[in-house]
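Participant: As input, take work.txt (compact mmCIF, C-alpha atoms (C1' of nucleotides)):
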```txt
# COMPACT_ATOMS: atom_id res chain seq x y z
CA MET T 1 0.00 0.00 0.00
CA PRO T 2 1.46 3.36 -1.01
CA TYR T 3 2.61 5.39 1.95
CA HIS T 4 0.32 8.28 1.27
CA LEU T 5 -2.71 6.02 1.48
CA GLY T 6 -1.60 4.20 4.63
CA PHE T 7 -2.60 4.93 8.15
CA GLY T 8 -0.67 7.69 9.73
CA PRO T 9 -0.69 11.34 10.47
CA LEU T 10 -2.53 12.17 7.26
CA HIS T 11 -5.72 10.71 8.60
CA ARG T 12 -6.08 13.26 11.30
CA TYR T 13 -7.72 15.67 8.89
CA GLY T 14 -10.53 13.22 8.25
CA PHE T 15 -12.35 14.75 11.17
CA TYR T 16 -13.23 17.80 9.17
CA LYS T 17 -14.84 16.06 6.25
CA ARG T 18 -16.58 13.53 8.46
CA TYR T 19 -18.45 16.33 10.20
CA GLY T 20 -19.33 18.30 7.12
CA PHE T 21 -16.50 20.82 7.23
CA ARG T 22 -14.17 21.39 4.34
CA THR T 23 -10.57 20.39 4.71
CA THR T 24 -8.67 23.59 4.08
CA GLN T 25 -5.01 24.38 4.41
CA ALA T 26 -5.58 26.56 7.43
CA ARG T 27 -7.45 23.82 9.21
CA GLN T 28 -4.77 21.27 8.46
CA VAL T 29 -1.97 23.53 9.59
CA ILE T 30 -3.71 24.44 12.82
CA LEU T 31 -4.47 20.84 13.69
CA ASP T 32 -0.84 19.94 12.96
CA VAL T 33 0.28 22.46 15.52
CA PHE T 34 -1.54 20.51 18.20
CA TYR T 35 -0.09 17.19 17.11
CA ASN T 36 3.41 18.65 17.14
CA CYS T 37 3.25 20.60 20.32
CA LYS T 38 2.91 19.63 23.91
CA GLU T 39 2.21 23.05 25.34
CA HIS T 40 -1.05 24.76 26.13
CA LEU T 41 -1.52 27.26 23.36
CA SER T 42 -3.59 30.40 23.14
CA ALA T 43 -5.15 31.50 19.87
CA GLU T 44 -2.40 34.04 19.44
CA ASP T 45 0.34 31.50 20.21
CA ILE T 46 -0.95 29.41 17.35
CA TYR T 47 -1.25 32.39 15.04
CA LEU T 48 2.35 33.38 15.75
CA LYS T 49 3.62 29.83 15.39
CA ILE T 50 2.25 29.47 11.88
CA HIS T 51 2.44 33.05 10.69
CA LYS T 52 5.99 32.94 9.33
CA LYS T 53 5.29 29.93 7.13
CA TYR T 54 1.65 30.73 6.41
CA PRO T 55 1.21 34.50 6.50
CA GLY T 56 -2.13 34.11 4.76
CA ILE T 57 -3.82 32.59 7.79
CA SER T 58 -5.45 35.21 9.96
CA LEU T 59 -6.11 35.26 13.67
CA THR T 60 -9.81 35.21 12.89
CA THR T 61 -9.43 31.89 11.12
CA VAL T 62 -7.47 30.54 14.05
CA TYR T 63 -10.34 31.42 16.36
CA ARG T 64 -12.90 29.91 14.03
CA THR T 65 -10.92 26.71 13.65
CA LEU T 66 -10.39 26.39 17.39
CA GLU T 67 -14.13 26.67 17.86
CA ILE T 68 -14.71 23.80 15.43
CA LEU T 69 -11.99 21.59 16.89
CA ASN T 70 -13.29 22.22 20.38
CA ARG T 71 -16.84 21.35 19.43
CA LEU T 72 -15.72 18.17 17.76
CA GLY T 73 -13.91 17.20 20.94
CA ILE T 74 -10.53 17.17 19.21
CA ILE T 75 -9.03 19.83 21.41
CA GLU T 76 -9.81 20.91 24.95
CA LYS T 77 -10.22 24.51 26.00
CA HIS T 78 -8.76 25.54 29.32
CA ASP T 79 -8.68 28.61 31.47
CA PHE T 80 -5.63 28.99 33.64
CA GLY T 81 -6.68 32.35 34.94
CA ASP T 82 -4.50 34.58 32.77
CA GLY T 83 -7.38 36.03 30.83
CA ARG T 84 -6.97 34.09 27.63
CA ALA T 85 -8.21 30.66 26.66
CA ARG T 86 -5.65 27.93 26.08
CA TYR T 87 -6.01 24.76 24.09
CA GLU T 88 -4.45 21.33 23.87
CA LEU T 89 -5.15 18.10 22.06
CA ALA T 90 -7.94 16.17 23.77
CA HIS T 91 -6.62 13.51 26.07
CA HIS T 92 -7.96 10.61 24.02
CA LEU T 93 -5.85 11.78 21.08
CA CYS T 94 -2.89 12.84 23.08
CA LYS T 95 0.27 10.84 23.64
CA LYS T 96 0.49 12.34 27.06
CA GLY T 97 -2.68 10.51 28.07
CA HIS T 98 -5.11 11.58 30.71
CA HIS T 99 -3.70 14.19 33.02
CA HIS T 100 -4.65 17.16 35.10
CA HIS T 101 -3.05 20.55 35.65
CA LEU T 102 -0.97 22.12 38.35
CA VAL T 103 -0.78 25.88 37.82
CA CYS T 104 1.69 28.29 39.41
CA SER T 105 -0.05 31.49 40.47
CA GLY T 106 3.29 33.28 40.43
CA CYS T 107 4.57 32.75 36.90
CA GLY T 108 1.66 31.02 35.20
CA LYS T 109 3.63 27.86 34.46
CA VAL T 110 1.43 24.78 33.99
CA ILE T 111 2.55 21.27 34.85
CA ASP T 112 0.66 18.36 33.34
CA TYR T 113 0.75 15.76 36.03
CA ASP T 114 -0.38 12.20 35.62
CA ASP T 115 0.63 10.89 38.99
CA LEU T 116 -1.88 8.77 40.85
CA VAL T 117 -3.89 8.31 37.66
CA ASP T 118 -5.76 5.38 39.09
CA LYS T 119 -6.87 7.31 42.10
CA GLU T 120 -7.93 10.22 39.93
CA THR T 121 -9.79 8.07 37.45
CA ASP T 122 -11.56 6.26 40.23
CA PHE T 123 -12.52 9.55 41.87
CA ILE T 124 -13.81 11.08 38.67
CA LYS T 125 -15.82 8.00 37.82
CA THR T 126 -17.41 7.77 41.24
CA ILE T 127 -18.39 11.42 41.32
CA GLU T 128 -19.65 11.40 37.76
CA GLU T 129 -21.84 8.41 38.43
CA HIS T 130 -23.20 9.96 41.56
CA LEU T 131 -23.90 13.35 39.99
CA SER T 132 -25.55 11.91 36.93
CA LYS T 133 -27.92 9.90 39.11
CA ARG T 134 -28.61 12.54 41.69
CA TYR T 135 -29.03 15.52 39.38
CA ARG T 136 -29.91 13.63 36.21
CA PHE T 137 -27.12 15.41 34.32
CA LYS T 138 -25.52 13.82 31.33
CA ILE T 139 -21.91 14.42 32.35
CA THR T 140 -19.64 15.28 29.47
CA GLY T 141 -16.48 16.42 31.13
CA HIS T 142 -14.65 17.59 34.16
CA LEU T 143 -11.98 20.00 35.19
CA VAL T 144 -9.47 19.35 37.92
CA GLN T 145 -6.79 21.92 38.61
CA PHE T 146 -4.54 22.54 41.54
CA PHE T 147 -2.82 25.83 41.97
CA GLY T 148 -0.08 27.18 44.12
CA MET T 149 3.47 28.47 43.99
CA CYS T 150 6.27 26.70 42.19
CA PRO T 151 9.66 26.39 43.96
CA GLU T 152 11.14 29.34 42.04
CA CYS T 153 8.26 31.68 42.79
CA SER T 154 8.14 30.57 46.42
CA LYS T 155 11.78 31.57 46.78
CA LYS T 156 11.27 34.96 45.22
CA GLY T 157 8.35 35.42 47.58
CA LYS T 158 6.07 36.51 44.78
CA MET W 1 -23.35 43.44 75.98
CA PRO W 2 -25.33 45.70 73.63
CA TYR W 3 -26.33 43.98 70.42
CA HIS W 4 -24.48 46.33 68.15
CA LEU W 5 -21.22 45.56 69.91
CA GLY W 6 -21.73 41.80 70.01
CA PHE W 7 -20.55 39.25 67.55
CA GLY W 8 -22.54 39.17 64.45
CA PRO W 9 -22.81 40.42 60.92
CA LEU W 10 -21.31 43.82 61.75
CA HIS W 11 -17.90 42.32 62.25
CA ARG W 12 -17.54 41.22 58.72
CA TYR W 13 -16.19 44.61 57.68
CA GLY W 14 -13.26 44.27 60.05
CA PHE W 15 -11.41 42.56 57.25
CA TYR W 16 -10.84 45.81 55.47
CA LYS W 17 -9.25 47.70 58.30
CA ARG W 18 -7.24 44.74 59.44
CA TYR W 19 -5.49 44.64 56.09
CA GLY W 20 -4.92 48.35 55.74
CA PHE W 21 -7.90 49.17 53.57
CA ARG W 22 -10.39 51.82 54.47
CA THR W 23 -13.90 50.71 55.31
CA THR W 24 -16.04 52.61 52.85
CA GLN W 25 -19.72 52.38 52.15
CA ALA W 26 -19.15 50.76 48.78
CA ARG W 27 -17.01 48.05 50.33
CA GLN W 28 -19.55 47.35 53.03
CA VAL W 29 -22.42 47.17 50.60
CA ILE W 30 -20.58 44.88 48.21
CA LEU W 31 -19.53 42.50 50.96
CA ASP W 32 -23.10 42.43 52.23
CA VAL W 33 -24.26 41.25 48.84
CA PHE W 34 -22.16 38.12 49.24
CA TYR W 35 -23.44 37.41 52.73
CA ASN W 36 -27.02 37.79 51.55
CA CYS W 37 -26.82 35.90 48.34
CA LYS W 38 -26.21 32.30 47.50
CA GLU W 39 -25.66 32.70 43.79
CA HIS W 40 -22.49 33.05 41.80
CA LEU W 41 -22.36 36.70 40.88
CA SER W 42 -20.51 38.53 38.16
CA ALA W 43 -19.24 42.06 38.65
CA GLU W 44 -22.16 43.39 36.69
CA ASP W 45 -24.68 41.31 38.68
CA ILE W 46 -23.42 42.97 41.81
CA TYR W 47 -23.46 46.41 40.27
CA LEU W 48 -27.07 45.95 39.18
CA LYS W 49 -28.12 44.53 42.53
CA ILE W 50 -26.91 47.58 44.45
CA HIS W 51 -27.42 50.27 41.84
CA LYS W 52 -31.00 51.16 42.72
CA LYS W 53 -30.21 51.73 46.38
CA TYR W 54 -26.67 53.04 45.88
CA PRO W 55 -26.50 54.73 42.48
CA GLY W 56 -23.24 56.36 43.52
CA ILE W 57 -21.28 53.11 43.39
CA SER W 58 -19.73 52.56 40.01
CA LEU W 59 -18.89 49.37 38.19
CA THR W 60 -15.24 50.31 38.47
CA THR W 61 -15.49 50.30 42.24
CA VAL W 62 -17.19 46.94 42.13
CA TYR W 63 -14.27 45.54 40.15
CA ARG W 64 -11.74 47.10 42.49
CA THR W 65 -13.52 45.79 45.57
CA LEU W 66 -13.80 42.30 44.11
CA GLU W 67 -10.07 42.33 43.52
CA ILE W 68 -9.44 43.16 47.17
CA LEU W 69 -11.90 40.63 48.53
CA ASN W 70 -10.45 37.96 46.30
CA ARG W 71 -6.90 38.69 47.38
CA LEU W 72 -7.89 38.58 51.01
CA GLY W 73 -9.44 35.18 50.44
CA ILE W 74 -12.90 36.42 51.39
CA ILE W 75 -14.46 35.59 48.06
CA GLU W 76 -13.56 33.04 45.42
CA LYS W 77 -13.33 33.82 41.75
CA HIS W 78 -14.67 31.25 39.32
CA ASP W 79 -14.84 30.77 35.62
CA PHE W 80 -17.79 28.78 34.38
CA GLY W 81 -16.95 29.28 30.76
CA ASP W 82 -19.40 32.04 29.92
CA GLY W 83 -16.73 34.66 29.43
CA ARG W 84 -17.16 36.56 32.64
CA ALA W 85 -15.74 35.92 36.09
CA ARG W 86 -18.14 34.95 38.85
CA TYR W 87 -17.66 35.27 42.57
CA GLU W 88 -18.99 33.73 45.75
CA LEU W 89 -18.17 33.89 49.43
CA ALA W 90 -15.16 31.72 50.25
CA HIS W 91 -16.16 28.34 51.56
CA HIS W 92 -14.73 28.91 55.03
CA LEU W 93 -17.08 31.90 55.47
CA CYS W 94 -19.99 30.37 53.70
CA LYS W 95 -22.93 28.64 55.28
CA LYS W 96 -23.00 26.32 52.34
CA GLY W 97 -19.66 24.87 53.34
CA HIS W 98 -17.16 23.23 51.06
CA HIS W 99 -18.65 22.29 47.72
CA HIS W 100 -17.81 21.93 44.07
CA HIS W 101 -19.64 22.89 40.92
CA LEU W 102 -21.68 21.08 38.34
CA VAL W 103 -22.18 23.28 35.29
CA CYS W 104 -24.74 22.81 32.51
CA SER W 105 -23.19 23.49 29.12
CA GLY W 106 -26.63 24.10 27.68
CA CYS W 107 -28.05 26.85 29.86
CA GLY W 108 -25.12 27.77 32.07
CA LYS W 109 -26.90 26.80 35.27
CA VAL W 110 -24.51 25.96 38.13
CA ILE W 111 -25.31 23.47 40.86
CA ASP W 112 -23.30 23.61 44.07
CA TYR W 113 -23.04 20.01 45.11
CA ASP W 114 -21.66 18.80 48.39
CA ASP W 115 -22.41 15.14 48.00
CA LEU W 116 -19.66 12.72 48.87
CA VAL W 117 -17.77 15.48 50.68
CA ASP W 118 -15.64 13.00 52.53
CA LYS W 119 -14.53 11.31 49.37
CA GLU W 120 -13.78 14.65 47.76
CA THR W 121 -11.88 15.99 50.73
CA ASP W 122 -9.87 12.82 50.95
CA PHE W 123 -9.08 12.95 47.26
CA ILE W 124 -8.04 16.61 47.34
CA LYS W 125 -5.85 16.05 50.37
CA THR W 126 -4.09 13.05 48.90
CA ILE W 127 -3.38 14.74 45.60
CA GLU W 128 -2.27 17.96 47.23
CA GLU W 129 0.16 16.15 49.45
CA HIS W 130 1.53 14.21 46.56
CA LEU W 131 1.91 17.20 44.27
CA SER W 132 3.52 19.38 46.89
CA LYS W 133 6.12 16.68 47.53
CA ARG W 134 6.72 15.67 43.95
CA TYR W 135 6.82 19.13 42.40
CA ARG W 136 7.70 21.13 45.50
CA PHE W 137 4.70 23.41 44.96
CA LYS W 138 3.12 25.20 47.84
CA ILE W 139 -0.48 24.32 47.01
CA THR W 140 -2.93 27.10 47.72
CA GLY W 141 -6.10 25.93 46.08
CA HIS W 142 -7.89 23.65 43.71
CA LEU W 143 -10.66 23.67 41.21
CA VAL W 144 -13.02 20.79 40.62
CA GLN W 145 -15.85 21.20 38.15
CA PHE W 146 -17.98 18.73 36.31
CA PHE W 147 -19.94 19.75 33.30
CA GLY W 148 -22.65 18.27 31.21
CA MET W 149 -26.29 18.70 30.28
CA CYS W 150 -29.05 19.26 32.79
CA PRO W 151 -32.31 17.30 32.35
CA GLU W 152 -34.09 20.25 30.72
CA CYS W 153 -31.36 20.89 28.17
CA SER W 154 -30.97 17.18 27.47
CA LYS W 155 -34.65 17.07 26.54
CA LYS W 156 -34.46 20.06 24.27
CA GLY W 157 -31.46 18.43 22.63
CA LYS W 158 -29.43 21.59 22.93
C1' DC R 1 -4.62 67.27 56.53
C1' DT R 2 -2.70 63.19 54.51
C1' DT R 3 -3.42 59.37 51.97
C1' DG R 4 -6.29 56.20 50.06
C1' DA R 5 -10.81 55.57 47.45
C1' DT R 6 -13.85 56.82 43.75
C1' DG R 7 -16.18 58.14 39.25
C1' DC R 8 -15.62 59.02 34.74
C1' DA R 9 -13.77 58.44 30.42
C1' DA R 10 -10.62 56.23 27.81
C1' DA R 11 -7.55 52.37 27.10
C1' DT R 12 -6.72 47.29 26.82
C1' DA R 13 -7.35 42.72 25.61
C1' DT R 14 -9.68 39.04 23.85
C1' DT R 15 -12.96 37.17 21.06
C1' DT R 16 -16.85 37.68 17.69
C1' DT R 17 -19.22 39.24 13.53
C1' DG R 18 -20.60 41.38 8.75
C1' DC R 19 -19.45 41.21 4.33
C1' DA R 20 -17.25 40.77 -0.13
C1' DG R 21 -14.07 37.91 -2.41
C1' DA R 22 -11.44 33.35 -2.70
C1' DG R 23 -11.23 28.36 -2.36
C1' DT R 24 -13.18 23.55 -1.92
C1' DC R 25 -15.81 19.90 -3.52
C1' DG C 1 -20.98 26.31 -10.08
C1' DA C 2 -22.81 26.09 -5.35
C1' DC C 3 -21.81 26.85 -1.10
C1' DT C 4 -18.35 27.17 2.42
C1' DC C 5 -14.29 29.44 4.18
C1' DT C 6 -11.44 33.42 4.70
C1' DG C 7 -9.38 38.12 5.59
C1' DC C 8 -10.22 42.55 6.88
C1' DA C 9 -12.22 45.94 9.47
C1' DA C 10 -15.24 46.95 12.89
C1' DA C 11 -18.04 45.47 16.84
C1' DA C 12 -18.81 43.44 21.17
C1' DT C 13 -17.49 42.19 25.81
C1' DA C 14 -15.03 42.22 30.01
C1' DT C 15 -11.80 44.32 32.65
C1' DT C 16 -8.17 47.83 33.78
C1' DT C 17 -6.09 52.36 34.21
C1' DG C 18 -5.13 57.68 34.40
C1' DC C 19 -6.44 61.43 36.65
C1' DA C 20 -8.84 64.94 39.11
C1' DT C 21 -11.80 64.97 43.02
C1' DC C 22 -13.65 63.24 47.33
C1' DA C 23 -13.72 61.22 51.83
C1' DA C 24 -11.83 58.20 55.76
C1' DG C 25 -8.90 58.21 59.53
```
How does this structure look as structure tokens?
Facilitator:
Amino acid sequence: MPYHLGFGPLHRYGFYKRYGFRTTQARQVILDVFYNCKEHLSAEDIYLKIHKKYPGISLTTVYRTLEILNRLGIIEKHDFGDGRARYELAHHLCKKGHHHHLVCSGCGKVIDYDDLVDKETDFIKTIEEHLSKRYRFKITGHLVQFFGMCPECSKKGK
Amino acid sequence: MPYHLGFGPLHRYGFYKRYGFRTTQARQVILDVFYNCKEHLSAEDIYLKIHKKYPGISLTTVYRTLEILNRLGIIEKHDFGDGRARYELAHHLCKKGHHHHLVCSGCGKVIDYDDLVDKETDFIKTIEEHLSKRYRFKITGHLVQFFGMCPECSKKGK
DNA sequence: CTTGATGCAAATATTTTGCAGAGTC
DNA sequence: GACTCTGCAAAATATTTGCATCAAG
């Protein structure tokens, strides 16, 4: 089977067509950023990352694409309290696997921790089951963040 | 002991002076709102709530007061994903006690749940201890939210 | 009377939208 | 060729700031 028809990175764009969106260059490039980056990116981060190579892609398009990817569950939108939304590949697509966030209030640094995954998974499952029964919610997601001061910021007494 | 000198609601304003802020009418009124309200209020909500009775208090002052109260740990700032910050009395001052949030993605409704408190507290404590050791963070807080669709929105297929 | 608090207007910052032209299928 | 996607400019929204004035201590 020719390489370009095989399974691999190329297939990631299939999401767009499958849900009735057209597969444009901008949308491919933006999705690639997520597959090639482990950080939590804001809309502007993404715009700046691709702007040198693709000056034709505007910030507006970045926002519109992020909206689509978020609604399709391909990326997750986070708020770390710095006034701008940040995005990363959804955990089911992400090599990093399921993790939560530890945010430094001093410098804004975010650590993806996946320690005690079993305990976390168990906790989430138990609570989700309980809440969905008790309040008859169809639970679609959760957010667990811890925040505090990283060693560097603690020293500086920020 | 005369009532007005006894322990009670009057003492809540002591926070301001104790931390070097002046106790102004605006600051008293805004803090009262939190003691008299169980909802999660945005800056504008608060402004509108007090505006009829105190038309002299501006939205700017509301923002500035919220900043102070938040930094003193008297109120907690939350983001429920609707683009504006929302505030409520900190859990140690709040009759409602420690609770987390269940947010409906359809209509934005927020349920304060305090079911399974013991399990939650235990979970938080374990993770906090682990993270503070492993990453040498001084943990100051956490955020646990579940989101999904409430029964009404599920029906409407929003 | 000194210093901090406030209102107003204007600035910022992020995200959204209208519309005409370009690109995908 | 139909209909979607895009860039640009402008709007919308939330929050912050400069500054002259006012008020608490």
Participant: Can you write out as a tab-separated table which residues of chain C fall within 12 Å of chain T, alongside each residue's closest atom pair and its distance in Å to one decimal, counting only C-alpha atoms (C1' of nucleotides) and ordering rows by chain and ascending residue number?
Facilitator:
```
residue	atom	partner	partner_atom	distance
C:DC3	C1'	T:Arg22	CA	10.9
C:DT4	C1'	T:Arg22	CA	7.4
C:DC5	C1'	T:Arg22	CA	8.1
C:DT6	C1'	T:Thr61	CA	6.9
C:DG7	C1'	T:Ser58	CA	6.6
C:DC8	C1'	T:Ser58	CA	9.3
C:DA9	C1'	T:Thr60	CA	11.5
C:DA14	C1'	T:Gly83	CA	9.9
C:DT15	C1'	T:Gly83	CA	9.6
```
Participant: Work out how far apart CA of Lys138 (chain W) and CA of Cys104 (chain T) are and give it in Å to one decimal.
Facilitator: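 Distance between the two atoms: 9.1 Å.
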Participant: Within 9 Å of chain W, which residues of chain R come that close, and what is the closest atom pair and distance in Å for each? Count only C-alpha atoms (C1' of nucleotides) and give it as JSON lines.
Facilitator:
```
{"residue": "R:DG4", "atom": "C1'", "partner": "W:Arg22", "partner_atom": "CA", "distance": 7.4}
{"residue": "R:DA5", "atom": "C1'", "partner": "W:Arg22", "partner_atom": "CA", "distance": 8.0}
{"residue": "R:DT6", "atom": "C1'", "partner": "W:Thr61", "partner_atom": "CA", "distance": 6.9}
{"residue": "R:DG7", "atom": "C1'", "partner": "W:Ser58", "partner_atom": "CA", "distance": 6.7}
```
Participant: May I ask you to extract the residues of chain W within 6 Å of chain T, using all atoms listed in the file, and to give them as a VMD selection string?
Facilitator: chain W and resid 136 to 151
Participant: Enter the distance from C1' of DC8 (chain R) to CA of Leu69 (chain W), in Å, rounded to one decimal.
Facilitator: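 CA of Leu69 (chain W) lies at a distance of 23.3 Å from C1' of DC8 (chain R).
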Participant: Between CA of Arg86 (chain T) and CA of Asp45 (chain T), what is the spacing in Å?
Facilitator: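 Rounded to one decimal, the two atoms are 9.1 Å apart.
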Participant: Give me the residues within 12 Å of DG18 (chain C) as number ranges by chain, counting all atoms listed in the file and dropping any in the same chain fewer than 2 places off.
Facilitator: R: 8-11; C: 16, 20
Participant: Those residues with C-alpha atoms (C1' of nucleotides), as a compact mmCIF listing (two decimals), in the frame of the given file please?
Facilitator:
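Generated output (part.txt):
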```txt
# COMPACT_ATOMS: atom_id res chain seq x y z
C1' DC R 8 -15.62 59.02 34.74
C1' DA R 9 -13.77 58.44 30.42
C1' DA R 10 -10.62 56.23 27.81
C1' DA R 11 -7.55 52.37 27.10
C1' DT C 16 -8.17 47.83 33.78
C1' DA C 20 -8.84 64.94 39.11
```
Participant: Counting all atoms listed in the file, figure out which residue out of T:Asp82, T:Gly73, T:Asp32, T:Tyr13 gets nearest to Gly108 (chain T).
Facilitator: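 Among the listed residues, the smallest separation from Gly108 (chain T) belongs to T:Asp82.
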